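Have a look at model.cif below; it lists mmCIF, C-alpha atoms and all ligand atoms.
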data_target
#
loop_
_atom_site.label_atom_id
_atom_site.label_comp_id
_atom_site.auth_asym_id
_atom_site.auth_seq_id
_atom_site.Cartn_x
_atom_site.Cartn_y
_atom_site.Cartn_z
CA MET A 16 0.00 0.00 0.00
CA LEU A 17 1.30 3.47 -0.85
CA MET A 18 1.59 5.70 2.17
CA PRO A 19 0.66 9.40 2.30
CA GLU A 20 3.58 11.78 2.42
CA GLY A 21 4.14 15.49 2.65
CA VAL A 22 6.54 16.78 0.01
CA ALA A 23 8.30 20.09 0.59
CA ILE A 24 8.58 22.35 -2.45
CA ASP A 25 10.80 25.38 -2.16
CA GLY A 26 9.06 28.11 -4.12
CA ILE A 27 12.27 30.02 -4.74
CA THR A 28 14.74 27.28 -5.64
CA GLY A 29 12.27 24.67 -6.91
CA ALA A 30 13.84 22.02 -4.66
CA VAL A 31 11.55 19.03 -4.06
CA SER A 32 12.10 17.00 -0.90
CA PRO A 33 12.00 14.05 -1.05
CA ALA A 34 12.55 13.86 -4.83
CA THR A 35 12.73 10.60 -6.75
CA VAL A 36 14.31 11.92 -9.97
CA HIS A 37 16.34 14.99 -10.78
CA TYR A 38 17.87 16.07 -14.06
CA THR A 39 19.59 19.07 -15.53
CA LYS A 40 19.62 20.45 -19.07
CA ARG A 41 22.62 22.46 -20.14
CA LEU A 42 22.82 24.81 -23.10
CA SER A 43 24.98 22.43 -25.15
CA GLU A 44 22.16 19.84 -25.00
CA LEU A 45 19.65 22.37 -26.29
CA ARG A 46 21.56 23.75 -29.28
CA GLU A 47 18.90 22.93 -31.85
CA LEU A 48 16.23 24.93 -30.07
CA PHE A 49 17.73 28.32 -30.85
CA GLN A 50 17.73 30.20 -34.14
CA ASP A 51 21.20 31.69 -33.81
CA ARG A 52 23.54 28.68 -33.66
CA GLU A 53 26.68 30.84 -33.55
CA ALA A 54 25.31 32.63 -30.52
CA VAL A 55 24.65 29.23 -28.87
CA GLU A 56 28.28 28.22 -29.32
CA SER A 57 29.63 31.49 -28.00
CA GLU A 58 27.34 31.38 -24.96
CA VAL A 59 28.33 27.77 -24.23
CA GLU A 60 31.95 28.90 -24.32
CA ARG A 61 31.51 32.16 -22.43
CA LEU A 62 29.35 30.75 -19.62
CA HIS A 63 30.98 27.27 -19.48
CA ASP A 64 27.91 25.44 -20.65
CA PRO A 65 25.34 26.93 -18.28
CA ILE A 66 22.35 25.09 -16.83
CA VAL A 67 19.23 26.25 -18.65
CA TYR A 68 16.76 24.27 -16.55
CA GLU A 69 16.41 21.58 -13.92
CA VAL A 70 13.58 19.19 -13.26
CA ALA A 71 12.87 17.50 -9.92
CA GLU A 72 10.17 14.84 -9.73
CA TYR A 73 8.18 13.02 -7.09
CA ARG A 74 6.92 9.77 -8.57
CA LYS A 75 5.58 6.67 -6.87
CA GLN A 76 4.93 3.42 -8.64
CA GLY A 77 1.29 2.39 -8.36
CA SER A 78 -0.09 5.93 -8.60
CA ASP A 79 -1.67 7.42 -11.71
CA ILE A 80 -0.29 10.94 -11.14
CA PHE A 81 3.12 12.42 -10.54
CA PHE A 82 4.37 15.93 -9.99
CA GLY A 83 7.50 17.99 -9.68
CA THR A 84 9.11 21.30 -10.42
CA THR A 85 10.95 22.90 -13.30
CA THR A 86 13.42 25.62 -12.41
CA MET A 87 14.66 27.75 -15.29
CA SER A 88 17.64 30.06 -15.24
CA PRO A 89 17.24 33.55 -16.67
CA GLY A 90 19.18 34.06 -19.88
CA ARG A 91 19.12 34.53 -23.62
CA VAL A 92 20.80 33.25 -26.72
CA GLY A 93 20.94 36.24 -29.01
CA SER A 94 17.51 37.76 -28.66
CA GLU A 95 15.79 34.46 -27.74
CA TYR A 96 15.06 33.72 -24.11
CA TYR A 97 16.00 30.41 -22.49
CA MET A 98 13.36 27.78 -23.15
CA THR A 99 12.53 24.14 -22.47
CA ARG A 100 12.55 21.57 -25.28
CA GLY A 101 8.76 21.46 -25.55
CA HIS A 102 6.72 18.33 -26.23
CA PHE A 103 3.36 16.77 -26.95
CA HIS A 104 2.08 14.11 -24.61
CA GLU A 105 1.87 10.76 -26.31
CA ARG A 106 -1.44 9.88 -24.72
CA PRO A 107 -4.26 11.65 -26.51
CA ASN A 108 -6.18 12.46 -23.31
CA ALA A 109 -3.26 13.50 -21.07
CA ALA A 110 -3.60 17.05 -19.78
CA GLU A 111 -1.20 18.82 -17.43
CA VAL A 112 -1.22 21.65 -14.90
CA TYR A 113 1.57 24.22 -14.47
CA TYR A 114 1.44 26.34 -11.33
CA THR A 115 4.00 29.15 -11.32
CA GLN A 116 5.64 29.95 -8.01
CA HIS A 117 8.38 32.39 -8.89
CA GLY A 118 9.55 34.54 -11.78
CA ASP A 119 8.06 35.59 -15.09
CA GLY A 120 7.60 33.58 -18.22
CA ILE A 121 5.49 32.61 -21.15
CA LEU A 122 3.98 29.20 -21.72
CA LEU A 123 3.78 28.63 -25.47
CA LEU A 124 1.22 26.08 -26.61
CA GLU A 125 0.64 24.64 -30.04
CA SER A 126 -1.87 22.15 -31.41
CA ARG A 127 -0.94 19.44 -33.91
CA ASP A 128 -2.48 21.48 -36.71
CA GLY A 129 -0.40 24.52 -35.83
CA GLN A 130 -2.74 26.69 -33.78
CA SER A 131 -0.64 28.78 -31.40
CA GLU A 132 -1.65 30.02 -27.95
CA ASN A 133 0.22 31.38 -24.96
CA VAL A 134 -0.37 31.81 -21.25
CA GLU A 135 1.51 34.19 -18.99
CA MET A 136 3.49 32.59 -16.19
CA GLN A 137 3.75 34.60 -13.01
CA PRO A 138 3.50 33.68 -9.33
CA GLY A 139 0.06 32.27 -8.59
CA SER A 140 -0.94 31.62 -12.19
CA CYS A 141 -2.12 28.11 -12.87
CA ALA A 142 -2.10 27.05 -16.52
CA PHE A 143 -4.30 24.29 -17.86
CA ILE A 144 -2.58 22.45 -20.70
CA PRO A 145 -5.26 20.52 -22.55
CA PRO A 146 -4.57 17.16 -24.18
CA GLY A 147 -3.19 17.53 -27.70
CA TRP A 148 -1.27 20.76 -27.11
CA ALA A 149 2.51 20.89 -27.21
CA HIS A 150 3.94 23.06 -24.44
CA ARG A 151 7.21 24.93 -23.98
CA SER A 152 8.14 27.23 -21.10
CA ILE A 153 10.21 30.35 -21.61
CA ASN A 154 11.85 32.38 -18.88
CA THR A 155 11.38 36.01 -19.88
CA GLY A 156 12.40 37.50 -16.53
CA SER A 157 15.65 38.37 -14.84
CA GLU A 158 15.20 35.80 -12.05
CA LYS A 159 14.63 32.08 -11.92
CA LEU A 160 11.31 30.85 -13.22
CA VAL A 161 9.95 28.13 -10.92
CA PHE A 162 6.79 26.18 -11.60
CA VAL A 163 5.11 23.05 -10.26
CA TRP A 164 3.68 20.63 -12.81
CA MET A 165 1.42 17.66 -12.40
CA CYS A 166 0.19 15.10 -14.88
CA ASN A 167 -0.64 11.47 -15.54
CA ILE A 168 2.24 9.10 -15.00
CA ALA A 169 1.61 7.46 -18.38
CA ALA A 170 1.27 10.75 -20.32
CA GLY A 171 4.45 10.05 -22.31
CA HIS A 172 6.67 12.68 -23.91
CA ASP A 173 6.94 13.17 -27.65
CA TYR A 174 9.85 15.53 -28.28
CA GLY A 175 10.53 14.62 -31.91
CA ASP A 176 7.77 16.56 -33.60
CA ILE A 177 8.55 19.87 -31.92
CA LEU A 178 12.27 19.40 -32.41
CA LYS A 179 11.69 18.83 -36.12
CA ARG A 180 9.23 21.59 -36.91
CA GLY A 181 9.99 24.06 -34.13
CA MET A 182 7.19 26.11 -32.66
CA ARG A 183 5.23 28.61 -34.66
CA LYS A 184 6.13 31.52 -32.38
CA LEU A 185 9.47 32.67 -31.00
CA VAL A 186 9.79 34.72 -27.83
CA VAL A 187 12.44 37.37 -28.27
CA ALA A 188 13.62 40.48 -26.47
CA ARG A 189 12.82 43.84 -28.08
CA ASN A 190 14.00 46.83 -26.06
CA GLN A 191 14.51 44.39 -23.16
CA LEU A 192 10.86 43.30 -23.28
CA PRO A 193 9.54 39.94 -24.45
CA VAL A 194 7.56 39.84 -27.67
CA LEU A 195 6.15 36.99 -29.71
CA ILE A 196 7.14 36.87 -33.36
CA ASP A 197 6.51 34.35 -36.14
CA ASN A 198 9.18 31.69 -36.44
CA PRO A 199 10.61 32.07 -39.96
CA SER A 200 11.79 28.45 -40.03
CA TRP A 201 8.61 26.87 -38.62
CA GLY A 202 7.81 23.54 -40.22
CA HIS A 203 11.21 23.23 -41.98
C1 LIG B 301 7.30 19.21 -17.59
C2 LIG B 301 8.49 19.34 -18.56
C3 LIG B 301 9.65 20.17 -18.02
C4 LIG B 301 10.83 20.25 -18.99
O1 LIG B 301 7.65 18.43 -16.51
O2 LIG B 301 8.92 18.04 -18.89
O3 LIG B 301 9.20 21.48 -17.77
O4 LIG B 301 10.41 20.55 -20.29
P1 LIG B 301 10.73 19.56 -21.49
O5 LIG B 301 10.35 18.19 -21.02
O6 LIG B 301 9.88 20.04 -22.63
O7 LIG B 301 12.19 19.67 -21.77
C5 LIG B 301 6.16 18.57 -18.39
O8 LIG B 301 5.57 19.22 -19.20
N1 LIG B 301 5.95 17.27 -18.19
O9 LIG B 301 4.98 16.62 -18.91
ZN ZN B 302 4.21 17.94 -20.41
#
Any chance you could give the structure as structure tokens?
Amino acid sequence: MLMPEGVAIDGITGAVSPATVHYTKRLSELRELFQDREAVESEVERLHDPIVYEVAEYRKQGSDIFFGTTTMSPGRVGSEYYMTRGHFHERPNAAEVYYTQHGDGILLLESRDGQSENVEMQPGSCAFIPPGWAHRSINTGSEKLVFVWMCNIAAGHDYGDILKRGMRKLVVARNQLPVLIDNPSWGH
């Protein structure tokens, strides 16, 4: 029998305690996400391959849900803000919830047929990610972006499609403010 447990989530650092899984994504692992590949290489060099985001999970076998945090560093590559890979869930009915605890960001969503939507991420905002929508988080602020996510344990992650086609919108800095622009290489 699974036993109830309180899990501490630090709203500033994103630390989950106890956590069952933890992983880190560095800029060199995320090269393909950014438009300006030369800028990626120079930032990897200049900042010694910085951590772009970390994920901490709490997952128990025998449960149908799991949850955790994503903690994103502030930063840009050229004019593009740091972002997660972005994915569809493999299961057609698997939704997800993102509850932002700290920082400022944009949650970019995209349906299979290319409809684009976005939801602001700021402390206290809770985003509903419906089934069938790819989702990517972007840290547009100057501090860490920390959010709690929760979804079905069997949701599955399909990264390939978004990696291949990119997302329809890019989030870039214009006069130090985030704006959404069309991705010129979307679908290529
Ligand atoms: C989140 C994401 C997490 C990292 O837990 O997996 O924010 O983003 P990528 O997985 O796109 O790199 C989630 O959406 N899980 O389903
Ligand atoms: Zn997801």
Please give me, as a PDB file with C-alpha atoms, in the frame of the given file, the residues lying within 10 Å of ligand ZN 302 (chain B) when counting only C-alpha atoms and all ligand atoms.
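Output file result-v4.pdb is given in full below:
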ATOM      1  CA  GLY A 101       8.760  21.460 -25.550  1.00  0.00           C
ATOM      2  CA  HIS A 102       6.720  18.330 -26.230  1.00  0.00           C
ATOM      3  CA  PHE A 103       3.360  16.770 -26.950  1.00  0.00           C
ATOM      4  CA  HIS A 104       2.080  14.110 -24.610  1.00  0.00           C
ATOM      5  CA  GLU A 105       1.870  10.760 -26.310  1.00  0.00           C
ATOM      6  CA  ALA A 109      -3.260  13.500 -21.070  1.00  0.00           C
ATOM      7  CA  ALA A 110      -3.600  17.050 -19.780  1.00  0.00           C
ATOM      8  CA  GLU A 111      -1.200  18.820 -17.430  1.00  0.00           C
ATOM      9  CA  VAL A 112      -1.220  21.650 -14.900  1.00  0.00           C
ATOM     10  CA  TYR A 113       1.570  24.220 -14.470  1.00  0.00           C
ATOM     11  CA  ILE A 144      -2.580  22.450 -20.700  1.00  0.00           C
ATOM     12  CA  PRO A 146      -4.570  17.160 -24.180  1.00  0.00           C
ATOM     13  CA  TRP A 148      -1.270  20.760 -27.110  1.00  0.00           C
ATOM     14  CA  ALA A 149       2.510  20.890 -27.210  1.00  0.00           C
ATOM     15  CA  HIS A 150       3.940  23.060 -24.440  1.00  0.00           C
ATOM     16  CA  ARG A 151       7.210  24.930 -23.980  1.00  0.00           C
ATOM     17  CA  TRP A 164       3.680  20.630 -12.810  1.00  0.00           C
ATOM     18  CA  MET A 165       1.420  17.660 -12.400  1.00  0.00           C
ATOM     19  CA  CYS A 166       0.190  15.100 -14.880  1.00  0.00           C
ATOM     20  CA  ASN A 167      -0.640  11.470 -15.540  1.00  0.00           C
ATOM     21  CA  ALA A 170       1.270  10.750 -20.320  1.00  0.00           C
ATOM     22  CA  GLY A 171       4.450  10.050 -22.310  1.00  0.00           C
ATOM     23  CA  HIS A 172       6.670  12.680 -23.910  1.00  0.00           C
ATOM     24  CA  ASP A 173       6.940  13.170 -27.650  1.00  0.00           C
ATOM     25  CA  TYR A 174       9.850  15.530 -28.280  1.00  0.00           C
TER      26      TYR A 174
END
| query | If we count all atoms listed in the file, what is near Leu195 (chain A) at a cut-off of 7 Å, once residues fewer than 5 positions away on the same chain are taken out, given as a ChimeraX atom specification? | reply | /A:184-187
Please, could you write that set of residues out with C-alpha atoms as a compact mmCIF listing (two decimals), in the coordinates of the input?
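Below is the file out05.txt, written as the result:
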# COMPACT_ATOMS: atom_id res chain seq x y z
CA LYS A 184 6.13 31.52 -32.38
CA LEU A 185 9.47 32.67 -31.00
CA VAL A 186 9.79 34.72 -27.83
CA VAL A 187 12.44 37.37 -28.27
| task | Counting all atoms listed in the file, write as a PyMOL selection string all protein and nucleic acid residues lying at most 9 Å from (0.7, 0.3, -2.3) in the file's frame. | result | chain A and resi 16-18+76-78
| query | Quick one: of A:Gly90, A:Gly202, A:Gly26, A:Gly118, who's nearest to Val163 (chain A), counting all atoms listed in the file? | reply |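 Residue with the minimum atom-to-atom distance to Val163 (chain A): A:Gly26.
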| What does the distance between CA of Tyr97 (chain A) and CA of Asn133 (chain A) come to in Å, to one decimal place? | 16.0 Å
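CA of Ile177 (chain A) lies 9.7 Å from CA of Arg127 (chain A).
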Leu42 (chain A) surroundings by all atoms listed in the file, 12 Å radius, close-in-sequence under 3 positions cut, as a CSV table (one decimal) with C-alpha atoms, keeping the file's coordinate frame:
chain,number,residue,atom,x,y,z
A,39,THR,CA,19.6,19.1,-15.5
A,45,LEU,CA,19.6,22.4,-26.3
A,46,ARG,CA,21.6,23.8,-29.3
A,47,GLU,CA,18.9,22.9,-31.8
A,48,LEU,CA,16.2,24.9,-30.1
A,49,PHE,CA,17.7,28.3,-30.8
A,52,ARG,CA,23.5,28.7,-33.7
A,54,ALA,CA,25.3,32.6,-30.5
A,55,VAL,CA,24.6,29.2,-28.9
A,56,GLU,CA,28.3,28.2,-29.3
A,57,SER,CA,29.6,31.5,-28.0
A,58,GLU,CA,27.3,31.4,-25.0
A,59,VAL,CA,28.3,27.8,-24.2
A,60,GLU,CA,32.0,28.9,-24.3
A,61,ARG,CA,31.5,32.2,-22.4
A,62,LEU,CA,29.4,30.8,-19.6
A,63,HIS,CA,31.0,27.3,-19.5
A,64,ASP,CA,27.9,25.4,-20.6
A,65,PRO,CA,25.3,26.9,-18.3
A,66,ILE,CA,22.4,25.1,-16.8
A,67,VAL,CA,19.2,26.2,-18.6
A,68,TYR,CA,16.8,24.3,-16.6
A,69,GLU,CA,16.4,21.6,-13.9
A,87,MET,CA,14.7,27.8,-15.3
A,88,SER,CA,17.6,30.1,-15.2
A,90,GLY,CA,19.2,34.1,-19.9
A,91,ARG,CA,19.1,34.5,-23.6
A,92,VAL,CA,20.8,33.2,-26.7
A,96,TYR,CA,15.1,33.7,-24.1
A,97,TYR,CA,16.0,30.4,-22.5
A,98,MET,CA,13.4,27.8,-23.2
A,99,THR,CA,12.5,24.1,-22.5
A,100,ARG,CA,12.6,21.6,-25.3
| message | Can you measure CA of Gln116 (chain A) to CA of Val161 (chain A) for me? One decimal in Å is fine. | response | 5.5 Å
| query | If we count only C-alpha atoms, what is near Ser140 (chain A) at a cut-off of 8 Å, once residues fewer than 4 positions away on the same chain are taken out, given as a list in words? | reply |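 Final neighbour list, sorted by chain and number: Tyr114, Thr115, Gln116, Glu135 and Met136 of chain A.
Restricting the calculation to only C-alpha atoms, the smallest distance between Asn108 (chain A) and any of A:Ser126, A:Pro145, A:Lys75, A:Gly83 is found for A:Pro145.
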| field | Among listed residues A:Val22, A:Thr28, A:Glu158, A:His117, nearest Arg74 (chain A) (using all atoms listed in the file) | value |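 Among the listed residues, A:Val22 lies closest to Arg74 (chain A).
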| said: Quick one: residues within 9 Å of His37 (chain A), all atoms listed in the file, excluding same-chain residues fewer than 5 positions away - as a PyMOL selection string? | reply: chain A and resi 69-72
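Closest approach to ligand LIG 301 (chain B) among A:Glu132, A:Asp51, A:Asp176, A:Glu95: A:Asp176, based on all atoms listed in the file.
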| task | Determine the nearest neighbour of ligand LIG 301 (chain B) from the options A:Leu123, A:Val194, A:Ala23, A:Ala188, counting only C-alpha atoms and all ligand atoms. | result |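 Ranked by minimum distance to ligand LIG 301 (chain B), first place goes to A:Leu123.
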